[in-house]
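Chemist: Handing you a structure now.
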Amino acid sequence: MTNIFIYRARSSWVWCIVLWTLLAAVLVFEIVYHSYNLLAISALNAVAAGYLSYVLILRAKISFADEGIEIENPWVKVFVGYNLVTDVVTRYAFTLKTDTKDFSSWAAVASSRGVAKQLRPTDLLGTGLNPRNPLALSDSPRTDTGQAAIIALRRIDAARIANTGTSELKRSICWLHVALSVGSAAVLAYSLLH
């Protein structure tokens, strides 16, 4: 892949940093108040919760390249060449439609109604999302789905003009992240139940 642009929601960094700060504060609290008997359990829980927050929130991203789009979700990575993309949809999440299957991204999930409450057709001028009928609130350039769709449509048009898009479709599962996620969830479940 060449000329890669990575899209990730800015809020994902905020959520992870807040959670990691809270987990670190719990560990510091136990060290300051000499709760060493709980420190090992708390450290294990903090590592498990921190890892799950990374996998579920921060790992999701969309990589736009000259050849196609790579959607990386917590456990699955999909590369779709631009020649296979038939449409870009933003209804529930950023979704690439192909003739055989649709691929959605966790990195750009549709926002609530309040984020794009006052969307007008003039807001979409120059974005490449015109004309869409009916106009969806998730098409707003102020939402993650709208921003990802605008980037995707521009990169698809550029790839068709430069003839750099491919017809490649690759899907892979990261078994290491699956195993570590199951282990982390088991650690947290065990701590909650005992």
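In the structure tokens, chains take letters A, B, ... by order of appearance, with residues numbered from 1 within each chain and ligands from 1 in the order shown.
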Compile a residue-level contact table for stretch 147-178 of chain A against stretch 73-79 of chain A at a cut-off of 8 Å, reporting for every qualifying residue the shortest atom pair and its distance in Å to one decimal, with only C-alpha atoms counted, rows ordered by chain and ascending number, as CSV.
Modeler:
residue,atom,partner,partner_atom,distance
A:Glu168,CA,A:Phe79,CA,7.4
A:Leu169,CA,A:Phe79,CA,5.6
A:Lys170,CA,A:Phe79,CA,5.0
A:Arg171,CA,A:Val78,CA,4.4
A:Ser172,CA,A:Lys77,CA,5.3
A:Ile173,CA,A:Val76,CA,4.6
A:Cys174,CA,A:Trp75,CA,5.4
A:Trp175,CA,A:Trp75,CA,7.4
A:His177,CA,A:Trp75,CA,6.2
A:Val178,CA,A:Trp75,CA,6.1
Chemist: Keeping only N, CA and C atoms, write those residues as a PDB file, in the first residue's frame.
Modeler:
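Produced file selection.pdb, reproduced below:
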ATOM      1  N   GLU A 168      -8.497  -6.292  -5.432  1.00  0.00           N
ATOM      2  CA  GLU A 168      -8.051  -7.230  -4.411  1.00  0.00           C
ATOM      3  C   GLU A 168      -8.958  -7.154  -3.187  1.00  0.00           C
ATOM      4  N   LEU A 169      -9.228  -8.320  -2.606  1.00  0.00           N
ATOM      5  CA  LEU A 169     -10.001  -8.398  -1.366  1.00  0.00           C
ATOM      6  C   LEU A 169      -9.292  -9.384  -0.447  1.00  0.00           C
ATOM      7  N   LYS A 170      -8.785  -8.868   0.671  1.00  0.00           N
ATOM      8  CA  LYS A 170      -8.093  -9.711   1.647  1.00  0.00           C
ATOM      9  C   LYS A 170      -8.763  -9.548   2.995  1.00  0.00           C
ATOM     10  N   ARG A 171      -8.966 -10.662   3.671  1.00  0.00           N
ATOM     11  CA  ARG A 171      -9.553 -10.647   5.013  1.00  0.00           C
ATOM     12  C   ARG A 171      -8.720 -11.546   5.901  1.00  0.00           C
ATOM     13  N   SER A 172      -8.329 -11.036   7.060  1.00  0.00           N
ATOM     14  CA  SER A 172      -7.533 -11.836   7.986  1.00  0.00           C
ATOM     15  C   SER A 172      -8.004 -11.600   9.415  1.00  0.00           C
ATOM     16  N   ILE A 173      -7.825 -12.624  10.220  1.00  0.00           N
ATOM     17  CA  ILE A 173      -8.180 -12.552  11.638  1.00  0.00           C
ATOM     18  C   ILE A 173      -6.893 -12.583  12.448  1.00  0.00           C
ATOM     19  N   CYS A 174      -6.763 -11.681  13.393  1.00  0.00           N
ATOM     20  CA  CYS A 174      -5.589 -11.641  14.266  1.00  0.00           C
ATOM     21  C   CYS A 174      -5.881 -12.506  15.491  1.00  0.00           C
ATOM     22  N   TRP A 175      -5.429 -13.732  15.433  1.00  0.00           N
ATOM     23  CA  TRP A 175      -5.727 -14.698  16.495  1.00  0.00           C
ATOM     24  C   TRP A 175      -5.051 -14.333  17.806  1.00  0.00           C
ATOM     25  N   HIS A 177      -4.762 -11.274  19.069  1.00  0.00           N
ATOM     26  CA  HIS A 177      -5.666 -10.334  19.741  1.00  0.00           C
ATOM     27  C   HIS A 177      -6.936 -11.038  20.228  1.00  0.00           C
ATOM     28  N   VAL A 178      -7.401 -12.030  19.495  1.00  0.00           N
ATOM     29  CA  VAL A 178      -8.568 -12.800  19.947  1.00  0.00           C
ATOM     30  C   VAL A 178      -8.243 -13.513  21.251  1.00  0.00           C
TER      31      VAL A 178
END
Chemist: Can you check which parts of stretch 3-89 of chain A lie within 7 Å of stretch 101-107 of chain A? Per residue, the shortest pair of atoms and distance in Å to one decimal, counting only C-alpha atoms, sorted by chain and number, as CSV.
Modeler:
residue,atom,partner,partner_atom,distance
A:Arg8,CA,A:Ala107,CA,5.5
A:Ala9,CA,A:Ala107,CA,6.0
A:Ala60,CA,A:Ala107,CA,4.8
A:Lys61,CA,A:Ala107,CA,4.9
A:Ile62,CA,A:Ala107,CA,6.7
A:Ile71,CA,A:Ser105,CA,6.0
A:Asn73,CA,A:Trp106,CA,5.8
Chemist: Write a file of the selected residues as a PDB file, in the first residue's frame, keeping all heavy atoms.
Modeler:
ATOM      1  N   ARG A   8      -8.785   7.650  12.296  1.00  0.00           N
ATOM      2  CA  ARG A   8      -9.235   7.092  13.578  1.00  0.00           C
ATOM      3  C   ARG A   8      -9.970   8.216  14.291  1.00  0.00           C
ATOM      4  O   ARG A   8      -9.529   9.352  14.270  1.00  0.00           O
ATOM      5  CB  ARG A   8      -8.027   6.633  14.387  1.00  0.00           C
ATOM      6  CG  ARG A   8      -8.349   6.031  15.715  1.00  0.00           C
ATOM      7  CD  ARG A   8      -7.089   5.633  16.468  1.00  0.00           C
ATOM      8  NE  ARG A   8      -6.539   4.395  15.971  1.00  0.00           N
ATOM      9  CZ  ARG A   8      -5.270   4.232  15.603  1.00  0.00           C
ATOM     10  NH1 ARG A   8      -4.425   5.238  15.661  1.00  0.00           N
ATOM     11  NH2 ARG A   8      -4.831   3.084  15.179  1.00  0.00           N
ATOM     12  N   ALA A   9     -11.083   7.894  14.905  1.00  0.00           N
ATOM     13  CA  ALA A   9     -11.850   8.919  15.614  1.00  0.00           C
ATOM     14  C   ALA A   9     -11.001   9.512  16.733  1.00  0.00           C
ATOM     15  O   ALA A   9     -10.341   8.791  17.482  1.00  0.00           O
ATOM     16  CB  ALA A   9     -13.126   8.324  16.178  1.00  0.00           C
ATOM     17  N   ALA A  60      -9.178   0.099  16.311  1.00  0.00           N
ATOM     18  CA  ALA A  60      -9.994   0.282  15.107  1.00  0.00           C
ATOM     19  C   ALA A  60      -9.515   1.507  14.329  1.00  0.00           C
ATOM     20  O   ALA A  60      -9.370   2.582  14.883  1.00  0.00           O
ATOM     21  CB  ALA A  60     -11.454   0.442  15.492  1.00  0.00           C
ATOM     22  N   LYS A  61      -9.272   1.295  13.034  1.00  0.00           N
ATOM     23  CA  LYS A  61      -8.835   2.397  12.183  1.00  0.00           C
ATOM     24  C   LYS A  61      -9.167   2.078  10.732  1.00  0.00           C
ATOM     25  O   LYS A  61      -9.450   0.939  10.382  1.00  0.00           O
ATOM     26  CB  LYS A  61      -7.339   2.671  12.336  1.00  0.00           C
ATOM     27  CG  LYS A  61      -6.456   1.550  11.832  1.00  0.00           C
ATOM     28  CD  LYS A  61      -5.004   1.882  12.042  1.00  0.00           C
ATOM     29  CE  LYS A  61      -4.136   0.722  11.581  1.00  0.00           C
ATOM     30  NZ  LYS A  61      -2.727   0.982  11.782  1.00  0.00           N
ATOM     31  N   ILE A  62      -9.135   3.115   9.913  1.00  0.00           N
ATOM     32  CA  ILE A  62      -9.346   2.977   8.479  1.00  0.00           C
ATOM     33  C   ILE A  62      -8.110   3.538   7.797  1.00  0.00           C
ATOM     34  O   ILE A  62      -7.724   4.678   8.050  1.00  0.00           O
ATOM     35  CB  ILE A  62     -10.594   3.749   8.013  1.00  0.00           C
ATOM     36  CG1 ILE A  62     -11.829   3.341   8.809  1.00  0.00           C
ATOM     37  CG2 ILE A  62     -10.830   3.527   6.524  1.00  0.00           C
ATOM     38  CD1 ILE A  62     -13.014   4.248   8.620  1.00  0.00           C
ATOM     39  N   ILE A  71      -9.743  -1.716   6.385  1.00  0.00           N
ATOM     40  CA  ILE A  71     -10.524  -1.512   7.598  1.00  0.00           C
ATOM     41  C   ILE A  71      -9.980  -2.459   8.651  1.00  0.00           C
ATOM     42  O   ILE A  71      -9.976  -3.668   8.455  1.00  0.00           O
ATOM     43  CB  ILE A  71     -12.019  -1.774   7.353  1.00  0.00           C
ATOM     44  CG1 ILE A  71     -12.584  -0.744   6.376  1.00  0.00           C
ATOM     45  CG2 ILE A  71     -12.793  -1.761   8.656  1.00  0.00           C
ATOM     46  CD1 ILE A  71     -14.011  -0.995   5.972  1.00  0.00           C
ATOM     47  N   ASN A  73     -10.607  -3.628  12.369  1.00  0.00           N
ATOM     48  CA  ASN A  73     -11.479  -3.697  13.533  1.00  0.00           C
ATOM     49  C   ASN A  73     -10.737  -4.437  14.631  1.00  0.00           C
ATOM     50  O   ASN A  73      -9.602  -4.873  14.435  1.00  0.00           O
ATOM     51  CB  ASN A  73     -12.800  -4.368  13.153  1.00  0.00           C
ATOM     52  CG  ASN A  73     -13.677  -3.458  12.314  1.00  0.00           C
ATOM     53  OD1 ASN A  73     -13.630  -2.251  12.448  1.00  0.00           O
ATOM     54  ND2 ASN A  73     -14.466  -4.039  11.432  1.00  0.00           N
TER      55      ASN A  73
END
Chemist: May I ask for the distance between atom CA of A:Tyr54 and atom CA of A:Glu67, given in Å to one decimal place?
Modeler: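 Value for the atom CA of A:Tyr54-atom CA of A:Glu67 distance: 27.7 Å.
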Chemist: Please give the complete set of residues from stretch 26-181 of chain A that DSSP, run on the backbone, assigns to strand (DSSP E), formatted as a PyMOL selection string.
Modeler: chain A and resi 61-64+68-72+76-81+87-89+93-97+102-109+169-173
Chemist: Which one of A:Ala149, A:Ala40, A:Arg59, A:Ala48 sits closest to A:Phe94 if you count only C-alpha atoms?
Modeler: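 Result for the nearest residue to A:Phe94: A:Ala149.
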Chemist: Please, what distance in Å, to one decimal, runs between atom CA of A:Ser11 and atom CA of A:Pro141?
Modeler: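 For atom CA of A:Ser11 relative to atom CA of A:Pro141, the distance reads 15.6 Å.
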